[in-house]
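Accompanying notes for the structure given below.
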Amino acid sequence: MAGLSLVLCGLTHSETFAFQVAGVDVPPPLAAQNVQDTHWGVKVDDPYRFLEQVNEPAVVNWMKGQAEATESILKRIPGRSSILSALKAKDATGGTAIASVYRTKENRWFYLKREHGQSQAKLVWRDGLSGEERLLVDPSIISKERGKPYAIQSFHPSPDGKLLAYGIHASGAEIGHLSIIDVATGQEVVPPIDRIRFASVSWRSHGEGLFFSRLRPGFEKLKSTERFADTGRYYLDLKAPNPDLRVFSSSQYPELKLPSFATGQVQEIEGSPWAAMVVNFGVDRRLAMYIAPIDQVLAGQAQWREVFNQSADVREVDVGHGHVYLRSALNAPRFKVLRLNLSDLDIAKAETVLPESEGVLRAITVTQDALFVTRREGVNTSLLRLSKTSSAPVEKISLPIEGNVIASGHVDHKDLVVTVSSWTQALRRYVLSSDSKQFTRLNLAPPVEPVQKVEIVAKEVMVASHDGVKVPVSIIMRKDAVLNGQTPTILYGYGAYGTTEEPARSNGVMAWVERGGIYAYAHVRGGGALGSQWHEAGQKSTKFNTWKDGIAVAEWLIANGYTSNSKLGIYGGSAGGIFVGRAITERPDLFAVAVPSVPVLDMVRSEQRANGVANIPEYGTVKVEAEFHALLRNSSYHAVQNDVRYPATMLMHGVNDSRVDVWQSLKFASRLADAQKGKQAVLLRLDYEAGHGAGSGADQANQRTADLQAFMLWQMGEPGFQPQ
């Protein structure tokens with residue numbers, strides 16, 4: 001590969017070696033210390049298990065050496081600065097970024113706002129859309145005071161908008177503090193509450209208190225597999241504040257027989273004496289629901305009554321009009337919408353208000369006089385309106401533009417906030433009038449249409465996989481692109497948890513395509529593009545379909561002249577690490593370069609991660625024989641073989657990641673580098689001020705994208721990207 005030179009040192013018995021990449025010495029892997037486990041009669045080697053101890057001095061020093069070497073190498077790529085400049089220019093011309101818009105019952109609007117030149121978004125608010133915008137929380141001020149980057153990861157105004165709870169987190173970590181402030185003065189109402197990971201705040205209807213989720217005391221001292229177990233739901237009465245009043249956890253109510261990783265989102269059902277508890281089972285999308293008198297709940301003595309369990313296959317719950325609305329996949333893989341009467345919460349009496357159809361029902365949201373449903377129809381999304389009176393017909397709303405639609409309603413308002421985006425068009429927000437059915441552009445900042453240097457198009461194709469099943473693929477490219485097999489191409493995939501990559505314009509993708517590249521999204525099995533069955537076809541024992549679909553798409557792109565194996569890169573993050581890692585270990589000949597980001601790569605040890613037990617419903621456990629064999633088959637770390645030339649690889653990971661521990665990248669990088677003996681670049685890009693991704697600032701995101709694309713173009717042999 002251009003720009004790569006190899007310097008061999010005397011090999012020791014453990015085959016330690018050193019090599020240079022672009023003239024920079026890269027620390028070799030630490031000497032292997034093999035541990036062998038036996039699962040169901042199968043011996044499994046783990047030569048780098050010791051790297052799971054990321055605080056050991058030798059590991060700490062090796063990590064820093066890897067990070068410094070990678071940073072030096074990336075700076076030597078000549079074209080990297082041009083990518084970074086293009087990304088910054090897109091930020092500058094894209095105007096002010098608005099996110100997380102929330103409207104209260106009293107018509108106060110809260111939202112995150114990031115202006116050009118700012119790395120982190122500020123939290124602002126206004127009384128009505130015509131009211132003066134006011135600053136509430138500025139993380140940049142906190143960052144300067146405390147010497148590390150802070151970000152707002154969630155916020156939750158009280159129903160009247162007079163109080164607000166928000167989560168603030170440092171250095172990309174998911175664990176932080178919950179602050180509650182008076183909106184008018186900005187002053188704290190109570191001291192910040194610690195042990196917050198996904199607070200999921202729910203206010204009482206009159207704002208007198210709030211429910212929130214919190215890790216148990218001493219969580220940080222527990223072994224990794226227990227760290228996030230038994231997360232509690234707490235209640236804070238603002239008249240007599242006690243942040244330690246726990247009202248629910250799986251251990252607190254053993255009679256419910258919930259697993260330790262189950263979390264209950266307790267909230268008041270307004271206008272009734274009840275509190276509802278919707279239970280999440282880790283990453284399992286199937287929910288359960290219980291109810292109990294609110295007074296019992298607040299006393300921590302609830303007698304929970306089951307409304308439905310996971311057998312009902314409910315994926316989403318909303319409440320309004322005296323009903324509980326459910327989006328269910330039971331005997332309906334593209335989903336259906338059910339309705340229960342609050343006065344008779346019997347799942348056996350559920351009424352189907354919207355049956356399964358050809359399109360995939362994506363989400364539901366209740367407004368004052370209707371239920372709105374978004375339905376995926378091919379690449380675009382339709383918006384359906386169901387009146388709260390069941391006799392009215394379903395109405396399909398005419399949209400101002402086609403694209404990916406997200407609807408956000410509130411039971412206290414008739415109007416609906418609607419966002420529409422596409423692969424090539426920037427996100428636009430509207431307010432839909434329930435009475436007139438007219439859309440009004442919601443401009444919380446001056447509208448700016450992004451400048452596009454060339455015409456870019458999106459193509460949707462279906463590609464036959466290894467077993468003949470057709471896989472949807474979205475291809476973003478210049479309209480004038482010539483399919484001569486020489487175009488630098490990034491193949492992206494995820495394929496887990498039923499998640500779908502919905503159309504949305506990305507500055508990073510646009511910068512890549514404007515330069516002449518092609519970007520392909522493979523909607524592989526394990527995702528949700530075609531409904532719940534599509535998810536189940538890439539889960540546990542069928543997980544191999546995820547990466548085999550990716551391989552099929554790579555072959556199709558090459559066979560149809562979009563690119564060639566010397567110009568094809570593969571990229572994916574988190575669970576998408578399986579997509580990347582197993583594609584390159586199964587078919588290394590197909591790819592020039594790979595970038596797994598915050599990836600899951602050692603599947604056999606996956607449940608030993610801090611967040612691993614909660615992922616058993618998706619991946620499986622070594623304690624079940626069939627699931628162990630599936631884990632081993634899908635483990636990229638264990639699939640690496642000596643004397644095989646793999647694509648040049650750069651692993652990107654935030655050191656503060658609590659969702660996918662950084663040792664997943666450390667172990668795979670070491671095994672791959674040992675197998676390559678310096679014949680290909682294996683780099684670790686480690687960010688010590690980042691976690692799994694949330695909370696990273698715009699500057700961090702731009703640097704990360706520039707590094708990813710520059711590394712790929714270098715390894716694809718593109719002129720202007722070859723280090724001297």
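Chain labels follow the order of the structure tokens: the first chain is A, the next B, and so on; residue numbering restarts at 1 in every chain, and ligands are counted from 1 in their shown order.
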
Spatial neighbours of Val59 of chain A, max dist 12 Å, only C-alpha atoms, sep filter under 3 positions, as a count of residues only: 23

Contacts of segment 301-389 of chain A with segment 395-417 of chain A up to 12 Å, shortest pair per row, only C-alpha atoms, as CSV:
```
residue,atom,partner,partner_atom,distance
A:Asp318,CA,A:Val411,CA,9.7
A:Val319,CA,A:Val411,CA,8.1
A:Gly320,CA,A:Val411,CA,6.1
A:His321,CA,A:Val411,CA,8.1
A:Gly322,CA,A:Val411,CA,10.8
A:His323,CA,A:Val411,CA,11.5
A:Leu354,CA,A:Glu395,CA,11.3
A:Leu361,CA,A:Val405,CA,11.8
A:Arg362,CA,A:Ile406,CA,9.2
A:Ala363,CA,A:Ala407,CA,8.2
A:Ile364,CA,A:Ala407,CA,8.1
A:Thr365,CA,A:Gly409,CA,5.5
A:Val366,CA,A:Gly409,CA,5.6
A:Thr367,CA,A:Val411,CA,4.2
A:Gln368,CA,A:Val411,CA,4.4
A:Asp369,CA,A:Lys414,CA,6.1
A:Ala370,CA,A:Lys414,CA,7.8
A:Leu371,CA,A:Gly409,CA,8.7
A:Phe372,CA,A:Ala407,CA,7.5
A:Val373,CA,A:Ala407,CA,7.9
A:Thr374,CA,A:Val405,CA,7.0
A:Arg375,CA,A:Val405,CA,8.7
A:Arg376,CA,A:Asn404,CA,8.2
A:Glu377,CA,A:Asn404,CA,9.9
A:Gly378,CA,A:Gly403,CA,10.2
A:Val379,CA,A:Gly403,CA,7.5
A:Asn380,CA,A:Gly403,CA,4.7
A:Thr381,CA,A:Asn404,CA,5.2
A:Ser382,CA,A:Val405,CA,7.0
A:Leu383,CA,A:Ile397,CA,5.6
A:Leu384,CA,A:Lys396,CA,4.6
A:Arg385,CA,A:Glu395,CA,5.0
A:Leu386,CA,A:Glu395,CA,6.5
A:Ser387,CA,A:Glu395,CA,8.6
A:Lys388,CA,A:Val411,CA,11.2
```

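Pairwise distance (atom CA of Ala165 of chain A, atom CA of Ala151 of chain A) equals 14.1 Å.
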
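Residue nearest Ser636 of chain A within the list A:Glu689, A:Glu718, A:Glu208, A:Asp602: A:Asp602 [criterion: smallest interatomic distance, only C-alpha atoms].
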
Backbone DSSP call of strand (DSSP E or B) for segment 341-536 of chain A, listed as a PyMOL selection string: chain A and resi 341+344+351-354+360-366+370-377+380-387+395-397+404-408+416-421+428-432+439-441+456-464+470-478+489-493+518-522+525+527

Separation of atom CA of Lys543 of chain A from atom CA of Lys257 of chain A in Å: 28.2 Å

Each residue of segment 408-521 of chain A lying at most 9 Å from segment 109-131 of chain A should get a row with its shortest atom-to-atom pair and the distance in Å to one decimal, counting only C-alpha atoms; could you produce that, ordered by chain and increasing number, as CSV?
```
residue,atom,partner,partner_atom,distance
A:Leu442,CA,A:Leu129,CA,8.7
A:Asn443,CA,A:Leu129,CA,8.9
A:Leu444,CA,A:Leu129,CA,7.8
A:Ala445,CA,A:Lys113,CA,8.6
```

Could you write out the selected residues, including N, CA, C and O atoms, as a PDB file, in the first residue's frame?
```pdb
ATOM      1  N   LEU A 442     -41.499  25.964  10.387  1.00  0.00           N
ATOM      2  CA  LEU A 442     -41.102  26.302  11.750  1.00  0.00           C
ATOM      3  C   LEU A 442     -39.658  26.781  11.713  1.00  0.00           C
ATOM      4  O   LEU A 442     -38.720  25.988  11.646  1.00  0.00           O
ATOM      5  N   ASN A 443     -39.487  28.086  11.744  1.00  0.00           N
ATOM      6  CA  ASN A 443     -38.159  28.680  11.643  1.00  0.00           C
ATOM      7  C   ASN A 443     -37.732  29.230  12.995  1.00  0.00           C
ATOM      8  O   ASN A 443     -37.926  30.400  13.307  1.00  0.00           O
ATOM      9  N   LEU A 444     -37.135  28.369  13.809  1.00  0.00           N
ATOM     10  CA  LEU A 444     -36.611  28.805  15.095  1.00  0.00           C
ATOM     11  C   LEU A 444     -35.256  29.494  14.930  1.00  0.00           C
ATOM     12  O   LEU A 444     -34.709  30.038  15.888  1.00  0.00           O
ATOM     13  N   ALA A 445     -34.730  29.452  13.738  1.00  0.00           N
ATOM     14  CA  ALA A 445     -33.536  30.195  13.334  1.00  0.00           C
ATOM     15  C   ALA A 445     -33.738  30.547  11.865  1.00  0.00           C
ATOM     16  O   ALA A 445     -34.530  29.898  11.167  1.00  0.00           O
TER      17      ALA A 445
END
```

Every residue of segment 505-591 of chain A that DSSP places in alpha helix (DSSP H), as a PyMOL selection string: chain A and resi 507-514+532-536+544-559+576-586

Arg334 of chain A surroundings by only C-alpha atoms, 7 Å radius, close-in-sequence under 6 positions cut, as a count of residues only: 7

Contacts of Met652 of chain A at 10 Å (only C-alpha atoms; same-chain gap of 3+ positions) as a list in words: Ala67, Gly573, Val595, Pro596, Ser597, Val598, Pro599, Thr649, Val655, Val662, Ser665, Leu683, Leu684, Arg685, Leu686, Asp687, Arg704, Asp707 and Leu708 of chain A

Output the selection as a PDB file, in the first residue's frame - N, CA and C atoms for each residue.
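Generated output (again.pdb):
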```
ATOM      1  N   ALA A  67      -2.462   5.966  20.272  1.00  0.00           N
ATOM      2  CA  ALA A  67      -3.196   7.190  19.949  1.00  0.00           C
ATOM      3  C   ALA A  67      -2.276   8.249  19.370  1.00  0.00           C
ATOM      4  N   GLY A 573     -20.419   1.432  12.836  1.00  0.00           N
ATOM      5  CA  GLY A 573     -20.113   1.724  14.220  1.00  0.00           C
ATOM      6  C   GLY A 573     -20.963   0.943  15.197  1.00  0.00           C
ATOM      7  N   VAL A 595     -12.999   0.780   8.433  1.00  0.00           N
ATOM      8  CA  VAL A 595     -13.012   1.627   9.628  1.00  0.00           C
ATOM      9  C   VAL A 595     -14.164   1.188  10.522  1.00  0.00           C
ATOM     10  N   PRO A 596     -13.880   0.375  11.540  1.00  0.00           N
ATOM     11  CA  PRO A 596     -14.895   0.085  12.558  1.00  0.00           C
ATOM     12  C   PRO A 596     -14.827   1.171  13.645  1.00  0.00           C
ATOM     13  N   SER A 597     -15.970   1.706  14.025  1.00  0.00           N
ATOM     14  CA  SER A 597     -16.021   2.787  15.010  1.00  0.00           C
ATOM     15  C   SER A 597     -16.781   2.325  16.253  1.00  0.00           C
ATOM     16  N   VAL A 598     -16.236   2.602  17.430  1.00  0.00           N
ATOM     17  CA  VAL A 598     -16.785   2.113  18.711  1.00  0.00           C
ATOM     18  C   VAL A 598     -17.405   0.723  18.521  1.00  0.00           C
ATOM     19  N   PRO A 599     -16.647  -0.218  17.966  1.00  0.00           N
ATOM     20  CA  PRO A 599     -17.251  -1.454  17.459  1.00  0.00           C
ATOM     21  C   PRO A 599     -17.317  -2.593  18.470  1.00  0.00           C
ATOM     22  N   THR A 649      -6.763  -1.067   8.222  1.00  0.00           N
ATOM     23  CA  THR A 649      -7.854  -0.879   9.176  1.00  0.00           C
ATOM     24  C   THR A 649      -7.506   0.207  10.192  1.00  0.00           C
ATOM     25  N   VAL A 655     -12.531   6.734  24.474  1.00  0.00           N
ATOM     26  CA  VAL A 655     -12.025   5.998  25.628  1.00  0.00           C
ATOM     27  C   VAL A 655     -13.052   5.958  26.756  1.00  0.00           C
ATOM     28  N   VAL A 662     -13.807   0.187  25.402  1.00  0.00           N
ATOM     29  CA  VAL A 662     -12.733   0.423  24.444  1.00  0.00           C
ATOM     30  C   VAL A 662     -11.887  -0.826  24.223  1.00  0.00           C
ATOM     31  N   SER A 665     -11.992  -2.669  20.844  1.00  0.00           N
ATOM     32  CA  SER A 665     -11.098  -2.226  19.762  1.00  0.00           C
ATOM     33  C   SER A 665      -9.652  -2.622  20.029  1.00  0.00           C
ATOM     34  N   LEU A 683      -4.397   0.784  12.727  1.00  0.00           N
ATOM     35  CA  LEU A 683      -4.273   1.967  13.574  1.00  0.00           C
ATOM     36  C   LEU A 683      -5.408   2.029  14.582  1.00  0.00           C
ATOM     37  N   LEU A 684      -5.100   2.619  15.727  1.00  0.00           N
ATOM     38  CA  LEU A 684      -6.097   2.872  16.770  1.00  0.00           C
ATOM     39  C   LEU A 684      -6.220   4.377  16.954  1.00  0.00           C
ATOM     40  N   ARG A 685      -7.368   4.918  16.549  1.00  0.00           N
ATOM     41  CA  ARG A 685      -7.637   6.346  16.770  1.00  0.00           C
ATOM     42  C   ARG A 685      -8.468   6.448  18.047  1.00  0.00           C
ATOM     43  N   LEU A 686      -7.833   6.828  19.140  1.00  0.00           N
ATOM     44  CA  LEU A 686      -8.478   6.873  20.440  1.00  0.00           C
ATOM     45  C   LEU A 686      -8.704   8.323  20.853  1.00  0.00           C
ATOM     46  N   ASP A 687      -9.932   8.638  21.252  1.00  0.00           N
ATOM     47  CA  ASP A 687     -10.288   9.986  21.677  1.00  0.00           C
ATOM     48  C   ASP A 687     -10.553   9.955  23.181  1.00  0.00           C
ATOM     49  N   ARG A 704     -13.138  13.874  13.300  1.00  0.00           N
ATOM     50  CA  ARG A 704     -13.317  12.431  13.154  1.00  0.00           C
ATOM     51  C   ARG A 704     -13.640  12.058  11.717  1.00  0.00           C
ATOM     52  N   ASP A 707     -10.595  12.485   9.460  1.00  0.00           N
ATOM     53  CA  ASP A 707      -9.641  11.398   9.643  1.00  0.00           C
ATOM     54  C   ASP A 707     -10.111  10.133   8.933  1.00  0.00           C
ATOM     55  N   LEU A 708     -11.389   9.820   9.073  1.00  0.00           N
ATOM     56  CA  LEU A 708     -11.949   8.624   8.441  1.00  0.00           C
ATOM     57  C   LEU A 708     -11.788   8.684   6.921  1.00  0.00           C
TER      58      LEU A 708
END
```

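Of the residues listed (A:Glu455, A:Glu306, A:Glu586, A:Glu68), A:Glu306 shows the shortest atom-to-atom separation from Leu256 of chain A; distances use only C-alpha atoms.
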